[in-house]
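Trainee: My structure is stored as protein-v4.cif, with mmCIF, C-alpha atoms.
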```cif
data_my_file
#
loop_
_atom_site.label_atom_id
_atom_site.label_comp_id
_atom_site.auth_asym_id
_atom_site.auth_seq_id
_atom_site.Cartn_x
_atom_site.Cartn_y
_atom_site.Cartn_z
CA MET C 1 1.60 -34.79 -14.09
CA ARG C 2 4.11 -34.59 -16.86
CA THR C 3 2.76 -35.28 -20.33
CA ALA C 4 4.76 -36.32 -23.36
CA LEU C 5 4.79 -32.69 -24.49
CA ASP C 6 6.25 -31.59 -21.14
CA ASN C 7 9.00 -34.18 -21.49
CA TYR C 8 9.65 -33.03 -25.04
CA LEU C 9 9.99 -29.36 -24.06
CA GLY C 10 12.28 -30.24 -21.15
CA ILE C 11 13.16 -27.71 -18.49
CA HIS C 12 12.49 -24.62 -20.59
CA PRO C 13 8.83 -23.91 -19.70
CA GLN C 14 9.67 -23.89 -15.96
CA ALA C 15 12.80 -21.83 -16.62
CA LEU C 16 10.76 -19.31 -18.62
CA GLN C 17 8.21 -18.96 -15.81
CA LEU C 18 10.89 -18.50 -13.16
CA GLU C 19 12.68 -15.94 -15.30
CA ALA C 20 9.42 -14.01 -15.63
CA GLN C 21 9.00 -14.09 -11.83
CA ARG C 22 12.60 -13.02 -11.31
CA ASN C 23 11.89 -10.18 -13.72
CA ASP C 24 9.07 -9.03 -11.40
CA LEU C 25 11.37 -9.19 -8.38
CA LEU C 26 14.15 -7.21 -10.04
CA ALA C 27 11.64 -4.65 -11.31
CA ALA C 28 10.39 -4.23 -7.73
CA ASN C 29 13.97 -3.74 -6.54
CA LEU C 30 14.56 -1.09 -9.18
CA ALA C 31 11.27 0.65 -8.44
CA ASN C 32 12.17 0.81 -4.73
CA VAL C 33 15.68 2.12 -5.27
CA ASP C 34 14.90 5.21 -3.13
CA THR C 35 12.55 3.65 -0.57
CA PRO C 36 13.94 3.76 2.98
CA ASN C 37 14.34 0.35 4.68
CA TYR C 38 13.50 -1.56 1.52
CA LYS C 39 15.45 -4.82 1.33
CA ALA C 40 16.39 -5.96 -2.16
CA ARG C 41 15.43 -9.51 -3.01
CA ASP C 42 16.31 -12.05 -5.62
CA LEU C 43 15.57 -15.60 -6.57
CA ASP C 44 18.01 -18.41 -5.86
CA PHE C 45 17.54 -19.58 -9.41
CA LYS C 46 19.09 -23.02 -9.05
CA ALA C 47 16.97 -23.93 -6.04
CA ALA C 48 13.80 -22.48 -7.56
CA LEU C 49 14.31 -24.31 -10.83
CA ALA C 50 15.09 -27.55 -9.02
CA ALA C 51 11.88 -27.18 -7.01
CA ALA C 52 9.85 -26.29 -10.09
CA SER C 53 11.13 -29.21 -12.12
CA GLY C 54 10.83 -31.68 -9.24
CA GLN C 55 14.51 -32.40 -8.82
CA SER C 56 16.62 -32.17 -5.69
CA ALA C 57 18.80 -29.09 -5.61
CA SER C 58 21.95 -31.17 -5.53
CA SER C 59 21.36 -32.78 -8.91
CA SER C 60 23.23 -30.66 -11.35
CA THR C 61 21.68 -28.35 -13.87
CA PRO C 62 25.01 -27.07 -15.13
CA ALA C 63 23.64 -24.48 -17.52
CA LEU C 64 21.92 -22.50 -14.78
CA ARG C 65 23.73 -21.11 -11.78
CA ALA C 66 22.78 -19.02 -8.78
CA PRO C 67 22.34 -15.33 -9.61
CA VAL C 68 24.93 -12.57 -9.39
CA GLY C 69 27.65 -13.19 -6.86
CA ALA C 70 25.41 -15.62 -4.98
CA ALA C 71 25.39 -12.94 -2.29
CA LEU C 72 21.99 -13.85 -0.95
CA SER C 73 20.97 -14.43 2.64
CA ASP C 74 18.20 -16.70 3.76
CA ALA C 75 14.82 -15.00 3.79
CA GLY C 76 13.28 -17.75 5.88
CA ALA C 77 13.30 -15.66 9.08
CA SER C 78 10.72 -13.26 7.74
CA SER C 79 7.18 -14.34 8.45
CA ALA C 80 5.92 -12.14 5.64
CA LEU C 81 7.49 -14.51 3.15
CA SER C 82 6.23 -17.79 4.50
CA THR C 83 2.59 -16.97 3.89
CA ASP C 84 0.72 -18.66 1.10
CA ASN C 85 2.30 -18.00 -2.19
CA ALA C 86 -0.14 -17.34 -4.99
CA GLY C 87 2.65 -16.13 -7.26
CA GLY C 88 4.12 -19.58 -7.25
CA ILE C 89 7.66 -18.69 -6.25
CA ASP C 90 9.05 -21.31 -3.90
CA PRO C 91 9.49 -19.27 -0.67
CA SER C 92 12.72 -21.05 0.22
CA ALA C 93 14.24 -19.81 -3.04
CA LEU C 94 13.37 -16.18 -2.30
CA LYS C 95 16.40 -14.55 -0.69
CA TYR C 96 17.50 -11.14 0.49
CA ARG C 97 20.54 -9.61 -1.09
CA VAL C 98 23.57 -9.05 1.12
CA PRO C 99 24.47 -5.38 0.51
CA MET C 100 28.04 -4.58 -0.46
CA ALA C 101 27.71 -0.97 0.67
CA PRO C 102 24.74 -0.59 3.05
CA SER C 103 23.19 2.84 3.03
CA LEU C 104 22.14 4.90 6.02
CA ASP C 105 18.42 4.73 5.24
CA GLY C 106 18.37 0.91 5.44
CA ASN C 107 17.86 0.44 1.71
CA THR C 108 19.89 -2.44 0.27
CA VAL C 109 19.20 -1.89 -3.44
CA ASP C 110 22.39 -1.59 -5.47
CA GLU C 111 21.17 0.07 -8.65
CA GLN C 112 24.01 -1.09 -10.90
CA LEU C 113 23.87 -4.64 -9.61
CA GLU C 114 20.12 -4.79 -10.12
CA GLN C 115 20.42 -3.37 -13.63
CA ALA C 116 23.03 -5.98 -14.51
CA ALA C 117 20.88 -8.74 -13.05
CA PHE C 118 17.86 -7.42 -14.96
CA ALA C 119 19.79 -7.41 -18.25
CA GLU C 120 21.15 -10.88 -17.55
CA ASN C 121 17.70 -12.20 -16.69
CA ASN C 122 16.31 -10.70 -19.87
CA VAL C 123 18.90 -12.53 -21.98
CA ARG C 124 18.14 -15.78 -20.14
CA TYR C 125 14.45 -15.25 -20.85
CA GLN C 126 15.15 -14.71 -24.55
CA ALA C 127 17.29 -17.85 -24.55
CA SER C 128 14.52 -19.97 -22.99
CA LEU C 129 12.11 -18.47 -25.50
CA THR C 130 14.42 -19.38 -28.38
CA PHE C 131 14.79 -22.96 -27.12
CA LEU C 132 11.03 -23.32 -26.80
CA ASN C 133 10.44 -21.76 -30.19
CA SER C 134 12.80 -24.12 -31.97
CA ALA C 135 11.37 -27.12 -30.12
CA LEU C 136 7.87 -26.14 -31.19
CA ARG C 137 9.03 -25.53 -34.75
CA ASP C 138 10.63 -28.98 -34.86
CA LEU C 139 7.38 -30.43 -33.62
CA MET C 140 5.42 -28.62 -36.33
CA THR C 141 7.86 -29.93 -38.92
CA ALA C 142 7.29 -33.45 -37.61
CA ILE C 143 3.51 -33.01 -37.77
CA VAL C 144 3.21 -31.21 -41.10
CA GLY C 145 6.14 -32.88 -42.81
CA SER C 146 8.27 -31.38 -45.57
CA MET K 147 -1.35 -13.38 -15.51
CA SER K 148 1.27 -12.50 -12.97
CA SER K 149 3.67 -10.83 -15.37
CA PHE K 150 1.31 -7.90 -15.81
CA LYS K 151 2.30 -6.96 -12.26
CA ILE K 152 5.44 -5.52 -13.71
CA PHE K 153 3.51 -2.65 -15.28
CA ASP K 154 2.08 -1.77 -11.87
CA ILE K 155 5.48 -2.02 -10.19
CA ALA K 156 7.39 0.05 -12.73
CA GLY K 157 4.40 2.39 -13.01
CA SER K 158 4.36 2.98 -9.25
CA GLY K 159 8.09 3.70 -9.38
CA MET K 160 7.60 6.20 -12.20
CA SER K 161 4.76 7.92 -10.41
CA ALA K 162 6.76 8.13 -7.14
CA GLN K 163 9.78 9.57 -8.92
CA SER K 164 7.63 12.10 -10.75
CA VAL K 165 6.18 13.25 -7.41
CA ARG K 166 9.78 13.66 -6.27
CA LEU K 167 10.59 15.66 -9.40
CA ASN K 168 7.53 17.81 -8.73
CA THR K 169 8.66 18.62 -5.18
CA VAL K 170 12.15 19.44 -6.48
CA ALA K 171 10.62 21.79 -9.05
CA SER K 172 8.48 23.39 -6.37
CA ASN K 173 11.48 23.81 -4.04
CA LEU K 174 13.66 25.31 -6.75
CA ALA K 175 10.91 27.64 -7.96
CA ASN K 176 10.40 28.91 -4.42
CA ALA K 177 14.08 29.08 -3.47
CA ASP K 178 13.85 32.88 -3.41
CA SER K 179 10.30 33.31 -2.11
CA LEU K 180 11.07 35.68 0.73
CA SER K 181 8.73 36.35 3.61
CA GLY K 182 8.58 38.80 6.48
CA ASP K 183 7.55 36.11 8.93
CA ALA K 184 9.70 33.10 9.95
CA ASN K 185 6.61 30.88 10.27
CA SER K 186 4.95 31.59 6.95
CA VAL K 187 8.07 31.32 4.80
CA TYR K 188 8.17 28.47 2.27
CA LYS K 189 9.66 25.22 3.62
CA ALA K 190 11.46 22.67 1.48
CA LYS K 191 9.20 19.71 0.68
CA HIS K 192 10.31 16.12 0.24
CA PRO K 193 8.20 13.05 -0.55
CA VAL K 194 8.19 10.04 1.79
CA PHE K 195 8.44 6.71 -0.05
CA GLN K 196 7.20 3.43 1.28
CA ALA K 197 7.28 -0.08 -0.15
CA VAL K 198 3.86 -1.72 -0.40
CA MET K 199 4.38 -5.45 -0.24
CA GLY K 200 2.29 -7.85 -2.16
CA SER K 201 -0.81 -8.06 -4.00
CA VAL K 202 -2.17 -6.69 -7.16
CA ALA K 203 -5.92 -7.25 -7.11
CA GLY K 204 -6.87 -10.86 -7.75
CA LEU K 205 -3.50 -12.40 -7.00
CA GLY K 206 -4.12 -13.08 -3.33
CA SER K 207 -1.56 -12.36 -0.64
CA ASP K 208 1.54 -12.77 -2.73
CA GLN K 209 4.33 -11.08 -0.78
CA SER K 210 7.05 -11.45 -3.35
CA THR K 211 7.00 -8.03 -4.99
CA ALA K 212 6.67 -4.48 -3.81
CA GLN K 213 5.29 -1.32 -5.34
CA VAL K 214 6.31 2.13 -4.22
CA LYS K 215 3.83 4.44 -2.58
CA VAL K 216 4.23 8.08 -1.70
CA THR K 217 2.82 8.19 1.82
CA GLY K 218 3.12 11.93 2.21
CA ILE K 219 5.12 15.06 1.69
CA SER K 220 7.31 16.09 4.60
CA GLU K 221 8.33 19.70 5.16
CA SER K 222 11.90 20.38 6.19
CA GLN K 223 12.13 21.56 9.81
CA ALA K 224 15.43 23.38 9.32
CA ALA K 225 15.40 27.02 10.38
CA PRO K 226 14.79 29.52 7.56
CA GLU K 227 17.64 31.74 6.52
CA THR K 228 17.45 35.24 8.06
CA ARG K 229 18.66 38.16 5.98
CA TYR K 230 18.99 41.74 7.16
CA ASP K 231 17.43 43.81 4.38
CA PRO K 232 15.53 46.81 5.74
CA GLY K 233 14.95 48.16 2.23
CA ASN K 234 12.82 45.16 1.32
CA PRO K 235 9.08 45.93 1.47
CA LEU K 236 8.55 42.53 3.15
CA ALA K 237 11.01 43.24 5.97
CA ASP K 238 9.69 42.96 9.53
CA ALA K 239 10.12 45.55 12.31
CA GLN K 240 13.78 44.55 12.83
CA GLY K 241 14.52 44.88 9.11
CA ASN K 242 14.83 41.10 8.59
CA VAL K 243 13.43 39.05 5.75
CA PHE K 244 13.31 35.25 5.81
CA ALA K 245 14.42 33.03 2.94
CA PRO K 246 13.25 29.39 2.53
CA ASN K 247 15.40 26.57 3.90
CA VAL K 248 15.85 25.21 0.38
CA ASN K 249 19.34 23.97 -0.39
CA VAL K 250 19.59 24.51 -4.14
CA VAL K 251 22.62 22.24 -4.63
CA GLU K 252 20.94 19.42 -2.71
CA GLU K 253 17.79 19.88 -4.80
CA MET K 254 19.74 19.67 -8.06
CA ALA K 255 21.39 16.43 -6.94
CA ASP K 256 17.97 15.13 -5.90
CA MET K 257 16.60 16.07 -9.30
CA ILE K 258 19.30 14.10 -11.13
CA SER K 259 18.74 11.09 -8.86
CA ALA K 260 14.97 11.21 -9.42
CA SER K 261 15.36 11.57 -13.16
CA ARG K 262 17.78 8.62 -13.36
CA SER K 263 15.46 6.46 -11.28
CA TYR K 264 12.57 7.43 -13.54
CA GLN K 265 14.58 6.46 -16.63
CA ASN K 266 15.44 3.18 -14.94
CA ASN K 267 11.77 2.36 -14.48
CA VAL K 268 10.98 3.30 -18.08
CA GLU K 269 13.76 0.97 -19.22
CA VAL K 270 12.37 -1.86 -17.09
CA LEU K 271 8.93 -1.25 -18.57
CA ASN K 272 10.19 -1.24 -22.17
CA THR K 273 12.31 -4.36 -21.70
CA SER K 274 9.48 -6.25 -20.02
CA ARG K 275 7.06 -5.20 -22.73
CA ASP K 276 9.44 -6.51 -25.40
CA MET K 277 9.78 -9.77 -23.48
CA MET K 278 6.03 -10.18 -23.29
CA LEU K 279 5.54 -9.37 -26.97
CA ALA K 280 8.18 -11.97 -27.83
CA THR K 281 6.35 -14.48 -25.64
CA LEU K 282 3.13 -13.77 -27.50
CA LYS K 283 4.84 -14.82 -30.71
CA LEU K 284 5.93 -18.14 -29.19
CA GLY K 285 5.54 -20.97 -31.67
CA GLN K 286 4.50 -18.71 -34.51
CA SER K 287 7.80 -18.30 -36.28
#
```
If you convert what's in this file into structure tokens, what do you get?
Mentor:
Amino acid sequence: MRTALDNYLGIHPQALQLEAQRNDLLAANLANVDTPNYKARDLDFKAALAAASGQSASSSTPALRAPVGAALSDAGASSALSTDNAGGIDPSALKYRVPMAPSLDGNTVDEQLEQAAFAENNVRYQASLTFLNSALRDLMTAIVGS
Amino acid sequence: MSSFKIFDIAGSGMSAQSVRLNTVASNLANADSLSGDANSVYKAKHPVFQAVMGSVAGLGSDQSTAQVKVTGISESQAAPETRYDPGNPLADAQGNVFAPNVNVVEEMADMISASRSYQNNVEVLNTSRDMMLATLKLGQS
């Protein structure tokens, strides 16, 4: 149920949560940069945000686009991903990266790409945080006055 | 809170890479450990990494993230280098000594790769910590 406060804060709380989850995913990719057969994963941010905010994916959220290169394949085939999801990431938004230069050991982590995505995600997180902060400050001003 | 997972993930990466650095150090230190017997000579050691999908205790069967685990140390099966050196006190009856199958150049490259990966994980940890500290200050400024 959305309360008046949820409506006031808009999409930013959900965006912040998804960015934190994407941060976990990218950290896992970077930690497994030398693990044989590890498949790098990322969040289809647009779909995940649409699911989290209760919109259909087709309705536009122009400020937020799919992550780097949109080179993600559907992870739906893996049964490991369709199990119950305590972390709260919408399983359909969790995708495998399509490697640009696959390595012999089956690892699909591209270190540079992941680093760039991590930096980008961090900036997005800070942005959401700034939006939320200013919204809360405005609210405090309205309550306290002056 | 799920974001604390990141410390376990980056921490597991750091620990795995430091095991790798340790094996590199061991291989380089023993690069010249000769032996008079082909079976007892030092063999190059390399860690085996494996991704451990899912859960940090208490979060249920969340399969979205993976830590790294060192499942074991494998010993290189390459044949040791044979050197003819009858003057060496370790030499066998034929005058041969055996040198470890450590490729020093390969080990140096491995060392750089491990050290870069370690730095990467430290960077992830620092950035995430800053993010979380900023989140703690939400609404305070």
Trainee: Taking all atoms listed in the file into account, which of C:Ala15, C:Leu129, C:Leu49, C:Ala27 comes nearest Val214 of chain K?
Mentor: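 When distances to Val214 of chain K are compared using all atoms listed in the file, the smallest one comes from C:Ala27.
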Trainee: Can you measure atom CA of Asp178 of chain K to atom CA of Arg166 of chain K for me? One decimal in Å is fine.
Mentor: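 That distance, rounded to one decimal, is 19.9 Å.
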Trainee: Can you build me a table of chain K residues sitting at most 6 Å from chain C, with the closest atom pair per residue and its distance in Å to one decimal, using all atoms listed in the file, sorted by chain and residue number, as a tab-separated table?
Mentor:
```
residue	atom	partner	partner_atom	distance
K:Ile152	CA	C:Asp24	CA	5.6
K:Ile155	CA	C:Ala28	CA	5.9
K:Ala156	CA	C:Ala31	CA	5.8
K:Gly159	CA	C:Ala31	CA	4.5
K:Phe195	CA	C:Thr35	CA	5.2
K:Gln196	CA	C:Thr35	CA	5.7
K:Asp208	CA	C:Asn85	CA	5.3
K:Thr211	CA	C:Leu25	CA	5.7
K:Ala212	CA	C:Ala28	CA	5.4
K:Leu284	CA	C:Asn133	CA	5.9
K:Gly285	CA	C:Asn133	CA	5.2
```
Trainee: Under the PyMOL selection byres ((chain K and resi 241-258) around 7), which residues of this model are included? Write them out as a ChimeraX atom specification.
Mentor: /K:167,170,173-174,177-184,187-190,224-232,236-240,259-262
Trainee: Around segment 237-255 of chain K, with edges along x, y and z and 3 Å added on all six sides, what centre and edge lengths do you get, in Å to one decimal, as AutoDock Vina command-line options?
Mentor:
```
--center_x 16.2 --center_y 31.0 --center_z 2.4 --size_x 18.9 --size_y 35.1 --size_z 26.9
```
Trainee: I'd like to know which of K:Met277, K:Ser263, K:Ala171, K:Val198 is closest to Gln112 of chain C, using only C-alpha atoms.
Mentor: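 Nearest to Gln112 of chain C: K:Ser263.
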Trainee: Here is a test: counting all atoms listed in the file, which residue of K:Asn266, K:Thr169, K:Gln286, K:Ser274 is nearest to Ile219 of chain K?
Mentor: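 The shortest atom-to-atom distance to Ile219 of chain K comes from K:Thr169.
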Trainee: One decimal, Å: what's the distance from atom CA of Leu9 of chain C over to atom CA of Phe150 of chain K, could you say?
Mentor: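 Here the two named atoms are 24.6 Å from each other.
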